[in-house]
$ cat coords-v6.cif   # mmCIF, C-alpha atoms
data_upload
#
loop_
_atom_site.group_PDB
_atom_site.id
_atom_site.type_symbol
_atom_site.label_atom_id
_atom_site.label_comp_id
_atom_site.auth_asym_id
_atom_site.auth_seq_id
_atom_site.Cartn_x
_atom_site.Cartn_y
_atom_site.Cartn_z
ATOM 1 C CA MET A 15 2.834 57.282 -9.411
ATOM 2 C CA GLY A 16 4.763 55.061 -7.041
ATOM 3 C CA GLU A 17 7.075 56.337 -4.407
ATOM 4 C CA GLN A 18 10.309 57.970 -5.455
ATOM 5 C CA GLY A 19 13.520 58.201 -3.488
ATOM 6 C CA ALA A 20 12.951 54.945 -1.603
ATOM 7 C CA GLY A 21 15.279 52.957 -3.827
ATOM 8 C CA LYS A 22 17.860 55.585 -4.611
ATOM 9 C CA GLY A 23 20.404 54.412 -2.051
ATOM 10 C CA ARG A 24 22.845 51.595 -2.638
ATOM 11 C CA LYS A 25 21.958 48.150 -1.314
ATOM 12 C CA LEU A 26 22.864 47.584 2.285
ATOM 13 C CA LYS A 27 26.436 46.330 2.605
ATOM 14 C CA LYS A 28 27.053 43.213 4.659
ATOM 15 C CA THR A 29 29.553 43.005 7.457
ATOM 16 C CA VAL A 30 32.854 41.937 5.908
ATOM 17 C CA GLU A 31 34.740 41.377 9.097
ATOM 18 C CA SER A 32 33.837 41.577 12.770
ATOM 19 C CA GLY A 33 35.917 42.457 15.781
ATOM 20 C CA SER A 34 38.471 45.247 16.069
ATOM 21 C CA GLY A 35 40.678 44.329 13.125
ATOM 22 C CA GLY A 36 39.968 47.614 11.395
ATOM 23 C CA ALA A 37 37.484 46.451 8.739
ATOM 24 C CA LYS A 38 34.334 48.488 8.201
ATOM 25 C CA ASN A 39 31.202 47.113 9.790
ATOM 26 C CA ARG A 40 28.106 48.118 7.795
ATOM 27 C CA SER A 41 25.597 45.757 9.381
ATOM 28 C CA VAL A 42 22.403 47.251 10.761
ATOM 29 C CA GLY A 43 21.462 46.727 14.390
ATOM 30 C CA PRO A 44 22.835 47.675 17.788
ATOM 31 C CA ASP A 45 26.381 46.749 16.758
ATOM 32 C CA SER A 46 26.283 48.790 13.557
ATOM 33 C CA ALA A 47 27.831 51.684 15.423
ATOM 34 C CA ARG A 48 31.066 49.720 15.832
ATOM 35 C CA ARG A 49 32.724 50.929 12.673
ATOM 36 C CA ALA A 50 36.308 51.419 11.775
ATOM 37 C CA LYS A 51 37.346 54.837 10.538
ATOM 38 C CA PRO A 52 37.803 54.983 13.546
ATOM 39 C CA GLU A 53 35.944 52.323 15.543
ATOM 40 C CA VAL A 54 33.438 54.624 17.180
ATOM 41 C CA GLY A 55 32.616 53.733 20.742
ATOM 42 C CA ALA A 56 35.891 51.932 21.330
ATOM 43 C CA ALA A 57 38.215 52.950 24.118
ATOM 44 C CA GLY A 58 39.868 56.228 23.317
ATOM 45 C CA ALA A 59 37.447 57.150 20.506
ATOM 46 C CA ALA A 60 36.518 60.804 20.488
ATOM 47 C CA GLY A 61 35.135 63.576 18.363
ATOM 48 C CA PRO A 62 37.080 65.710 15.901
ATOM 49 C CA LYS A 63 40.475 66.990 16.924
ATOM 50 C CA LYS A 64 40.502 70.768 17.020
ATOM 51 C CA LYS A 65 43.416 73.136 16.941
ATOM 52 C CA PRO A 66 42.987 75.714 19.718
ATOM 53 C CA GLY A 67 42.536 79.266 18.526
ATOM 54 C CA ARG A 68 41.903 78.309 14.903
ATOM 55 C CA PRO A 69 38.217 78.542 13.981
ATOM 56 C CA GLU A 70 37.045 76.398 11.098
ATOM 57 C CA SER A 71 37.028 78.215 7.764
ATOM 58 C CA HIS A 72 33.950 78.176 5.550
ATOM 59 C CA LEU A 73 35.747 76.002 3.010
ATOM 60 C CA ALA A 74 36.740 73.505 5.703
ATOM 61 C CA MET A 75 33.142 73.404 6.952
ATOM 62 C CA VAL A 76 31.841 72.715 3.448
ATOM 63 C CA ARG A 77 34.340 69.898 2.980
ATOM 64 C CA ARG A 78 33.404 68.416 6.358
ATOM 65 C CA ALA A 79 29.681 68.737 5.581
ATOM 66 C CA ARG A 80 30.059 66.915 2.290
ATOM 67 C CA ARG A 81 32.096 64.203 3.961
ATOM 68 C CA ILE A 82 29.353 63.752 6.570
ATOM 69 C CA ASN A 83 26.849 63.361 3.729
ATOM 70 C CA ARG A 84 29.032 60.689 2.109
ATOM 71 C CA GLU A 85 29.396 58.865 5.428
ATOM 72 C CA LEU A 86 25.647 58.965 6.038
ATOM 73 C CA ALA A 87 25.077 57.566 2.540
ATOM 74 C CA GLU A 88 27.116 54.519 3.555
ATOM 75 C CA VAL A 89 25.390 54.128 6.915
ATOM 76 C CA TYR A 90 21.879 54.585 5.468
ATOM 77 C CA PRO A 91 21.972 53.413 1.833
ATOM 78 C CA TYR A 92 18.282 52.584 2.263
ATOM 79 C CA ALA A 93 17.215 56.049 3.506
ATOM 80 C CA HIS A 94 13.699 56.849 2.300
ATOM 81 C CA PRO A 95 10.596 58.904 3.128
ATOM 82 C CA GLU A 96 9.062 57.306 6.220
ATOM 83 C CA LEU A 97 5.453 57.959 5.250
ATOM 84 C CA ASP A 98 3.525 55.231 3.427
ATOM 85 C CA PHE A 99 2.128 56.458 0.105
ATOM 86 C CA ARG A 100 1.232 55.196 -3.363
ATOM 87 C CA ASN A 101 0.754 58.467 -5.246
ATOM 88 C CA PRO A 102 1.342 62.227 -4.854
ATOM 89 C CA PHE A 103 -2.079 62.837 -3.276
ATOM 90 C CA GLU A 104 -1.485 60.258 -0.558
ATOM 91 C CA LEU A 105 1.953 61.710 0.180
ATOM 92 C CA LEU A 106 0.551 65.237 0.358
ATOM 93 C CA VAL A 107 -2.201 64.208 2.779
ATOM 94 C CA ALA A 108 0.141 62.087 4.899
ATOM 95 C CA THR A 109 2.655 64.935 5.171
ATOM 96 C CA VAL A 110 -0.033 67.366 6.319
ATOM 97 C CA LEU A 111 -1.153 64.826 8.923
ATOM 98 C CA SER A 112 2.426 64.323 10.162
ATOM 99 C CA ALA A 113 2.536 67.732 11.873
ATOM 100 C CA GLN A 114 2.891 67.367 15.662
ATOM 101 C CA THR A 115 2.844 63.563 15.557
ATOM 102 C CA THR A 116 4.986 60.640 14.425
ATOM 103 C CA ASP A 117 5.160 59.193 10.935
ATOM 104 C CA LEU A 118 4.257 55.862 12.548
ATOM 105 C CA ARG A 119 0.936 57.216 13.832
ATOM 106 C CA VAL A 120 0.189 58.695 10.409
ATOM 107 C CA ASN A 121 1.007 55.413 8.669
ATOM 108 C CA GLN A 122 -1.289 53.558 11.055
ATOM 109 C CA THR A 123 -4.095 56.028 10.312
ATOM 110 C CA THR A 124 -3.969 56.497 6.535
ATOM 111 C CA PRO A 125 -5.036 53.004 5.352
ATOM 112 C CA ALA A 126 -8.607 53.569 6.570
ATOM 113 C CA LEU A 127 -8.495 57.213 5.469
ATOM 114 C CA PHE A 128 -7.517 56.438 1.879
ATOM 115 C CA ALA A 129 -9.933 53.529 1.712
ATOM 116 C CA ALA A 130 -12.723 56.014 2.473
ATOM 117 C CA TYR A 131 -11.373 58.926 0.388
ATOM 118 C CA PRO A 132 -9.001 57.710 -2.350
ATOM 119 C CA THR A 133 -9.104 60.893 -4.472
ATOM 120 C CA PRO A 134 -9.193 64.674 -3.915
ATOM 121 C CA GLU A 135 -12.770 64.697 -5.197
ATOM 122 C CA ASP A 136 -13.779 62.106 -2.597
ATOM 123 C CA MET A 137 -12.059 63.907 0.254
ATOM 124 C CA ALA A 138 -13.419 67.324 -0.759
ATOM 125 C CA ALA A 139 -16.955 65.884 -0.464
ATOM 126 C CA ALA A 140 -16.333 64.282 2.944
ATOM 127 C CA VAL A 141 -18.562 65.023 5.922
ATOM 128 C CA PRO A 142 -16.209 66.992 8.226
ATOM 129 C CA GLU A 143 -17.129 65.062 11.358
ATOM 130 C CA GLU A 144 -16.510 61.726 9.645
ATOM 131 C CA LEU A 145 -13.136 62.888 8.317
ATOM 132 C CA GLU A 146 -12.192 64.172 11.763
ATOM 133 C CA GLU A 147 -12.956 60.830 13.337
ATOM 134 C CA LEU A 148 -10.747 58.964 10.875
ATOM 135 C CA ILE A 149 -7.732 61.208 11.496
ATOM 136 C CA ARG A 150 -8.297 61.641 15.241
ATOM 137 C CA PRO A 151 -5.256 59.434 16.162
ATOM 138 C CA THR A 152 -2.878 61.978 14.580
ATOM 139 C CA GLY A 153 -3.922 64.778 16.966
ATOM 140 C CA PHE A 154 -5.133 68.309 16.148
ATOM 141 C CA PHE A 155 -7.713 66.515 14.025
ATOM 142 C CA ARG A 156 -10.125 69.417 13.593
ATOM 143 C CA ALA A 157 -7.487 71.778 12.209
ATOM 144 C CA LYS A 158 -6.026 69.017 10.048
ATOM 145 C CA ALA A 159 -9.459 68.063 8.716
ATOM 146 C CA LYS A 160 -10.041 71.689 7.737
ATOM 147 C CA SER A 161 -6.722 71.726 5.845
ATOM 148 C CA LEU A 162 -7.462 68.424 4.098
ATOM 149 C CA LEU A 163 -10.919 69.583 3.027
ATOM 150 C CA GLY A 164 -9.490 72.859 1.766
ATOM 151 C CA LEU A 165 -6.563 71.413 -0.162
ATOM 152 C CA SER A 166 -8.747 68.658 -1.661
ATOM 153 C CA ALA A 167 -11.272 71.217 -2.878
ATOM 154 C CA ALA A 168 -8.448 73.324 -4.340
ATOM 155 C CA LEU A 169 -7.001 70.301 -6.147
ATOM 156 C CA ARG A 170 -10.444 69.475 -7.512
ATOM 157 C CA ASP A 171 -11.335 73.006 -8.573
ATOM 158 C CA ASP A 172 -7.993 74.482 -9.621
ATOM 159 C CA PHE A 173 -5.787 71.571 -10.699
ATOM 160 C CA GLY A 174 -8.120 69.043 -12.281
ATOM 161 C CA GLY A 175 -7.892 66.704 -9.301
ATOM 162 C CA GLU A 176 -4.116 66.345 -9.647
ATOM 163 C CA VAL A 177 -1.365 67.399 -7.237
ATOM 164 C CA PRO A 178 0.720 70.101 -8.936
ATOM 165 C CA GLY A 179 4.444 69.563 -9.369
ATOM 166 C CA ARG A 180 5.526 73.152 -8.730
ATOM 167 C CA LEU A 181 6.533 74.693 -5.406
ATOM 168 C CA ALA A 182 4.660 77.925 -6.167
ATOM 169 C CA ASP A 183 1.409 76.004 -6.672
ATOM 170 C CA LEU A 184 1.810 73.646 -3.735
ATOM 171 C CA VAL A 185 2.371 76.362 -1.127
ATOM 172 C CA LYS A 186 -0.919 77.990 -2.134
ATOM 173 C CA LEU A 187 -2.843 74.936 -0.928
ATOM 174 C CA PRO A 188 -4.379 75.118 2.577
ATOM 175 C CA GLY A 189 -2.087 73.644 5.222
ATOM 176 C CA VAL A 190 0.880 73.318 2.844
ATOM 177 C CA GLY A 191 4.140 75.143 3.551
ATOM 178 C CA ARG A 192 7.629 74.836 2.068
ATOM 179 C CA LYS A 193 8.522 71.772 4.141
ATOM 180 C CA THR A 194 5.471 69.829 2.976
ATOM 181 C CA ALA A 195 5.924 71.054 -0.592
ATOM 182 C CA ASN A 196 9.562 69.932 -0.686
ATOM 183 C CA VAL A 197 8.615 66.493 0.674
ATOM 184 C CA VAL A 198 6.065 66.055 -2.114
ATOM 185 C CA LEU A 199 8.293 67.461 -4.855
ATOM 186 C CA GLY A 200 11.315 65.413 -3.877
ATOM 187 C CA ASN A 201 9.575 62.092 -3.303
ATOM 188 C CA ALA A 202 6.581 62.113 -5.645
ATOM 189 C CA PHE A 203 7.970 64.140 -8.547
ATOM 190 C CA GLY A 204 11.749 63.738 -8.325
ATOM 191 C CA VAL A 205 12.273 67.504 -7.977
ATOM 192 C CA PRO A 206 15.214 68.170 -5.598
ATOM 193 C CA GLY A 207 14.302 69.836 -2.322
ATOM 194 C CA ILE A 208 15.558 70.188 1.242
ATOM 195 C CA THR A 209 13.152 69.195 4.002
ATOM 196 C CA VAL A 210 13.832 71.259 7.114
ATOM 197 C CA ASP A 211 11.970 69.470 9.880
ATOM 198 C CA THR A 212 12.926 69.507 13.566
ATOM 199 C CA HIS A 213 15.473 66.694 13.133
ATOM 200 C CA PHE A 214 17.148 68.315 10.137
ATOM 201 C CA GLY A 215 17.379 71.727 11.804
ATOM 202 C CA ARG A 216 18.762 70.264 15.023
ATOM 203 C CA LEU A 217 21.503 68.256 13.317
ATOM 204 C CA VAL A 218 22.727 70.898 10.879
ATOM 205 C CA ARG A 219 23.118 73.302 13.798
ATOM 206 C CA ARG A 220 24.960 70.679 15.865
ATOM 207 C CA TRP A 221 27.258 70.098 12.922
ATOM 208 C CA LYS A 222 27.828 73.876 12.590
ATOM 209 C CA TRP A 223 26.629 73.987 9.020
ATOM 210 C CA THR A 224 24.418 76.921 9.959
ATOM 211 C CA GLU A 225 23.417 78.982 12.979
ATOM 212 C CA GLN A 226 20.011 79.889 11.548
ATOM 213 C CA GLU A 227 16.799 78.941 13.355
ATOM 214 C CA ASP A 228 14.282 80.011 10.708
ATOM 215 C CA PRO A 229 13.547 77.002 8.443
ATOM 216 C CA GLU A 230 13.674 79.001 5.208
ATOM 217 C CA LYS A 231 17.050 80.487 6.119
ATOM 218 C CA VAL A 232 18.320 77.049 7.112
ATOM 219 C CA GLU A 233 17.137 75.694 3.769
ATOM 220 C CA ALA A 234 18.916 78.468 1.862
ATOM 221 C CA GLU A 235 22.227 78.054 3.696
ATOM 222 C CA ILE A 236 22.295 74.259 3.382
ATOM 223 C CA ALA A 237 21.308 74.465 -0.296
ATOM 224 C CA ALA A 238 24.433 76.559 -0.884
ATOM 225 C CA ILE A 239 26.666 73.808 0.547
ATOM 226 C CA PHE A 240 25.461 70.856 -1.524
ATOM 227 C CA PRO A 241 24.747 70.277 -5.204
ATOM 228 C CA LYS A 242 21.067 70.315 -6.048
ATOM 229 C CA SER A 243 21.126 66.634 -7.006
ATOM 230 C CA GLU A 244 21.883 65.755 -3.349
ATOM 231 C CA TRP A 245 19.147 67.779 -1.669
ATOM 232 C CA THR A 246 16.399 65.155 -1.403
ATOM 233 C CA MET A 247 18.595 62.252 -0.317
ATOM 234 C CA LEU A 248 20.586 64.498 2.036
ATOM 235 C CA SER A 249 17.302 65.323 3.767
ATOM 236 C CA HIS A 250 16.449 61.642 4.187
ATOM 237 C CA ARG A 251 19.900 60.753 5.526
ATOM 238 C CA VAL A 252 20.012 63.594 8.038
ATOM 239 C CA ILE A 253 16.465 62.899 9.263
ATOM 240 C CA PHE A 254 17.221 59.170 9.516
ATOM 241 C CA HIS A 255 20.298 59.921 11.625
ATOM 242 C CA GLY A 256 18.365 62.334 13.833
ATOM 243 C CA ARG A 257 15.659 59.778 14.544
ATOM 244 C CA ARG A 258 17.996 56.868 15.149
ATOM 245 C CA VAL A 259 21.190 58.215 16.704
ATOM 246 C CA CYS A 260 21.414 61.996 17.191
ATOM 247 C CA HIS A 261 18.341 62.456 19.370
ATOM 248 C CA ALA A 262 17.168 65.800 20.722
ATOM 249 C CA ARG A 263 17.522 65.121 24.441
ATOM 250 C CA LYS A 264 20.215 62.457 24.613
ATOM 251 C CA PRO A 265 22.282 61.867 21.472
ATOM 252 C CA ALA A 266 24.004 58.481 21.261
ATOM 253 C CA CYS A 267 27.444 60.016 20.742
ATOM 254 C CA GLY A 268 29.303 56.860 21.774
ATOM 255 C CA ALA A 269 27.513 54.861 19.067
ATOM 256 C CA CYS A 270 27.618 57.515 16.344
ATOM 257 C CA PRO A 271 29.315 56.516 13.084
ATOM 258 C CA ILE A 272 30.236 60.110 12.244
ATOM 259 C CA ALA A 273 31.505 61.143 15.694
ATOM 260 C CA PRO A 274 34.993 62.044 14.368
ATOM 261 C CA LEU A 275 33.379 64.673 12.119
ATOM 262 C CA CYS A 276 31.014 66.160 14.697
ATOM 263 C CA PRO A 277 31.976 69.386 16.491
ATOM 264 C CA SER A 278 29.250 68.718 19.078
ATOM 265 C CA TYR A 279 30.536 65.280 20.083
ATOM 266 C CA GLY A 280 30.072 64.822 23.834
ATOM 267 C CA GLU A 281 26.716 66.579 24.149
ATOM 268 C CA GLY A 282 25.160 63.141 24.586
ATOM 269 C CA GLU A 283 26.092 59.743 25.993
ATOM 270 C CA THR A 284 29.683 58.847 25.111
ATOM 271 C CA ASP A 285 29.892 55.465 26.826
ATOM 272 C CA PRO A 286 29.601 52.958 23.955
ATOM 273 C CA GLU A 287 27.461 50.401 25.773
ATOM 274 C CA LYS A 288 25.045 52.985 27.167
ATOM 275 C CA ALA A 289 24.926 54.769 23.812
ATOM 276 C CA ARG A 290 24.008 51.600 21.928
ATOM 277 C CA LYS A 291 20.949 51.235 24.156
ATOM 278 C CA LEU A 292 19.739 54.618 22.901
ATOM 279 C CA LEU A 293 19.672 53.588 19.226
ATOM 280 C CA LYS A 294 16.198 53.467 17.683
ATOM 281 C CA TYR A 295 14.347 51.687 14.908
ATOM 282 C CA GLU A 296 16.437 49.277 12.817
ATOM 283 C CA MET A 297 19.661 50.600 14.378
ATOM 284 C CA GLY A 298 18.317 49.381 17.708
ATOM 285 C CA GLY A 299 16.858 46.172 16.337
ATOM 286 C CA LYS A 300 13.276 47.468 16.446
ATOM 287 C CA PRO A 301 10.531 48.012 13.823
ATOM 288 C CA GLY A 302 10.606 51.087 11.643
ATOM 289 C CA GLN A 303 7.833 53.629 11.158
ATOM 290 C CA ARG A 304 6.334 52.257 7.947
ATOM 291 C CA LEU A 305 3.751 49.524 7.641
ATOM 292 C CA SER A 306 4.899 49.068 4.031
ATOM 293 C CA PRO A 307 8.648 49.805 3.935
ATOM 294 C CA PRO A 308 10.623 49.657 0.668
ATOM 295 C CA PRO A 309 12.168 46.293 -0.301
ATOM 296 C CA ASP A 310 15.729 47.278 0.677
ATOM 297 C CA TYR A 311 14.796 48.412 4.193
ATOM 298 C CA PRO A 312 16.704 46.127 6.614
ATOM 299 C CA GLY A 313 14.328 46.540 9.551
ATOM 300 C CA SER A 314 10.904 45.055 10.181
ATOM 301 C CA PRO A 315 7.573 46.733 9.297
ATOM 302 C CA ALA A 316 5.695 48.738 11.904
ATOM 303 C CA PRO A 317 2.562 47.227 13.464
ATOM 304 C CA PRO A 318 -0.914 48.378 12.343
ATOM 305 C CA LEU A 319 -3.072 50.644 14.484
ATOM 306 C CA GLY A 320 -4.015 48.989 17.787
ATOM 307 C CA ALA A 321 -1.249 46.387 17.607
ATOM 308 C CA ASP A 322 1.498 48.470 19.217
#
$ encode --input "coords-v6.cif" --output "structure tokens"
Amino acid sequence: MGEQGAGKGRKLKKTVESGSGGAKNRSVGPDSARRAKPEVGAAGAAGPKKKPGRPESHLAMVRRARRINRELAEVYPYAHPELDFRNPFELLVATVLSAQTTDLRVNQTTPALFAAYPTPEDMAAAVPEELEELIRPTGFFRAKAKSLLGLSAALRDDFGGEVPGRLADLVKLPGVGRKTANVVLGNAFGVPGITVDTHFGRLVRRWKWTEQEDPEKVEAEIAAIFPKSEWTMLSHRVIFHGRRVCHARKPACGACPIAPLCPSYGEGETDPEKARKLLKYEMGGKPGQRLSPPPDYPGSPAPPLGAD
């Protein structure tokens, strides 16, 4: 099965007018933050206007959350899973490897891994030390090797060598929790799911969609805000925005296309020029995390292992 979700977004819109004439700028790159509605980063631009003494109602929050999702869909029509994979097994393995490291490092590691062990049966029969050496660049390689050996054996023995398409079955596999299961279900099987990683949790709390810290509680509260059909793509859009603009330590507030909707505007750099320098990946004119990105991705592929 090929990758799912990578081509679900609309094709990237071209810039229809530049300058400050009020037209929307949808180009990707450092200047993509200069959008009308309003022109974020321009003089006088700011976050949402609040009425003192009037806390936001739940209904108003839901409406704002859904508007943010619509805005992100326009900014990232090409949002996709940032792990390279060709089938459900490769996505499952790559997602397990992505713990405590970057998707880029995983993508640089998996070509040799899948060349050596293309199926669950092959990986289940691997010599542990040889498997560990192949995945060493991803960190925590001994624990990850143990998980990969265990889940591969379970797939071989309990599921006929196939990755199951049910949450209840996936979470029984060694090293697989709800986050990993939702990634696989949403992107390999087309089953809607919300992926609560560190980026997703950080942003939904900044946007005041939830105050929960526990990933399962976050997942439940966000699921109640959006229709099920939006869950997978919402996850991609939020994670994309967290990696590119709304960083953990220094958000690029002055270059954020949804600043007028963000109640946490001002936590990061508000100067537009300084903020644009904080943009990452294609938003900052740099390569993405995938060696084999989908056709509609506007950035350049990541370099192979040893070339970065």
$ residues_around --input "coords-v6.cif" --residues "A:Phe173" --least-positions-apart "6" --cutoff "10 Å" --atoms "all atoms listed in the file" --output "list in words"
Ser166, Ala167 and Asp183 of chain A
$ write_last_selection --input "coords-v6.cif" --atoms "C-alpha atoms" --output "PDB file, in the frame of the given file"
ATOM      1  CA  SER A 166      -8.747  68.658  -1.661  1.00  0.00           C
ATOM      2  CA  ALA A 167     -11.272  71.217  -2.878  1.00  0.00           C
ATOM      3  CA  ASP A 183       1.409  76.004  -6.672  1.00  0.00           C
TER       4      ASP A 183
END
$ closest_residue --input "coords-v6.cif" --among "A:Gly174, A:Pro95, A:Pro308, A:Gly164" --to "A:Gly189" --atoms "all atoms listed in the file"
A:Gly164
$ atom_distance --input "coords-v6.cif" --atom1 "atom CA of A:Val198" --atom2 "atom CA of A:Gly179"
8.2 Å
$ residues_around --input "coords-v6.cif" --residues "A:Thr246" --least-positions-apart "6" --cutoff "9 Å" --atoms "only C-alpha atoms" --output "number ranges by chain"
A: 19, 196-197, 200-201, 204-209
$ resolve_selection --input "coords-v6.cif" --expression "the PyMOL selection byres ((chain A and resi 130-139) around 9)" --output "PDB file with C-alpha atoms, in the frame of the given file"
ATOM      1  CA  PHE A 103      -2.079  62.837  -3.276  1.00  0.00           C
ATOM      2  CA  GLU A 104      -1.485  60.258  -0.558  1.00  0.00           C
ATOM      3  CA  PRO A 125      -5.036  53.004   5.352  1.00  0.00           C
ATOM      4  CA  ALA A 126      -8.607  53.569   6.570  1.00  0.00           C
ATOM      5  CA  LEU A 127      -8.495  57.213   5.469  1.00  0.00           C
ATOM      6  CA  PHE A 128      -7.517  56.438   1.879  1.00  0.00           C
ATOM      7  CA  ALA A 129      -9.933  53.529   1.712  1.00  0.00           C
ATOM      8  CA  ALA A 140     -16.333  64.282   2.944  1.00  0.00           C
ATOM      9  CA  VAL A 141     -18.562  65.023   5.922  1.00  0.00           C
ATOM     10  CA  PRO A 142     -16.209  66.992   8.226  1.00  0.00           C
ATOM     11  CA  LEU A 145     -13.136  62.888   8.317  1.00  0.00           C
ATOM     12  CA  LEU A 162      -7.462  68.424   4.098  1.00  0.00           C
ATOM     13  CA  LEU A 163     -10.919  69.583   3.027  1.00  0.00           C
ATOM     14  CA  GLY A 164      -9.490  72.859   1.766  1.00  0.00           C
ATOM     15  CA  LEU A 165      -6.563  71.413  -0.162  1.00  0.00           C
ATOM     16  CA  SER A 166      -8.747  68.658  -1.661  1.00  0.00           C
ATOM     17  CA  ALA A 167     -11.272  71.217  -2.878  1.00  0.00           C
ATOM     18  CA  ALA A 168      -8.448  73.324  -4.340  1.00  0.00           C
ATOM     19  CA  LEU A 169      -7.001  70.301  -6.147  1.00  0.00           C
ATOM     20  CA  ARG A 170     -10.444  69.475  -7.512  1.00  0.00           C
ATOM     21  CA  GLY A 175      -7.892  66.704  -9.301  1.00  0.00           C
ATOM     22  CA  GLU A 176      -4.116  66.345  -9.647  1.00  0.00           C
ATOM     23  CA  VAL A 177      -1.365  67.399  -7.237  1.00  0.00           C
TER      24      VAL A 177
END
$ resolve_selection --input "coords-v6.cif" --expression "the PyMOL selection byres ((chain A and resi 83) around 10)" --output "ChimeraX atom specification"
/A:77-82,84-89,240,244,247-249,251-252,272
$ residues_around --input "coords-v6.cif" --residues "A:Val110" --least-positions-apart "2" --cutoff "9 Å" --atoms "all atoms listed in the file" --output "MDAnalysis selection string"
chainID A and resid 105:108 112:113 158 161:162 189:190 194
$ resolve_selection --input "coords-v6.cif" --expression "the PyMOL selection byres ((chain A and resi 230) around 12)" --output "list in words"
Gly191, Arg192, Lys193, Asn196, Gly207, Ile208, Thr209, Val210, Asp211, Gly215, Thr224, Gln226, Glu227, Asp228, Pro229, Lys231, Val232, Glu233, Ala234, Glu235, Ile236 and Ala237 of chain A
$ atom_distance --input "coords-v6.cif" --atom1 "atom CA of A:Glu287" --atom2 "atom CA of A:Pro271"
14.2 Å
$ atom_distance --input "coords-v6.cif" --atom1 "atom CA of A:Leu118" --atom2 "atom CA of A:Ile149"
13.2 Å
$ residues_near_point --input "coords-v6.cif" --point "(26.8, 60.2, 17.2)" --cutoff "10 Å" --atoms "all atoms listed in the file" --output "PyMOL selection string"
chain A and resi 47+54-55+61+255-256+258-261+265-276+278-284+289+293
$ closest_residue --input "coords-v6.cif" --among "A:His213, A:His250, A:Arg257, A:Lys300" --to "A:Ala93" --atoms "all atoms listed in the file"
A:His250
$ axis_aligned_box --input "coords-v6.cif" --around "stretch 300-308 of chain A" --padding-each-side "6 Å" --output "JSON"
{"center_x": 8.5, "center_y": 50.5, "center_z": 8.6, "size_x": 21.5, "size_y": 18.2, "size_z": 27.8}
$ closest_residue --input "coords-v6.cif" --among "A:Phe203, A:Ala157, A:Thr115, A:Asn121" --to "A:Pro102" --atoms "all atoms listed in the file"
A:Phe203
$ closest_residue --input "coords-v6.cif" --among "A:Pro277, A:Ser306, A:Ala74, A:Ile239" --to "A:Arg100" --atoms "only C-alpha atoms"
A:Ser306
$ residues_around --input "coords-v6.cif" --residues "A:Gln303" --least-positions-apart "5" --cutoff "12 Å" --atoms "all atoms listed in the file" --output "list of chain:residue names"
A:His94, A:Pro95, A:Glu96, A:Leu97, A:Asp98, A:Thr115, A:Thr116, A:Asp117, A:Leu118, A:Arg119, A:Val120, A:Asn121, A:Gln122, A:Phe254, A:Arg257, A:Arg258, A:Lys294, A:Tyr295, A:Glu296, A:Pro308, A:Tyr311, A:Gly313, A:Ser314, A:Pro315, A:Ala316, A:Pro317, A:Pro318, A:Leu319, A:Asp322
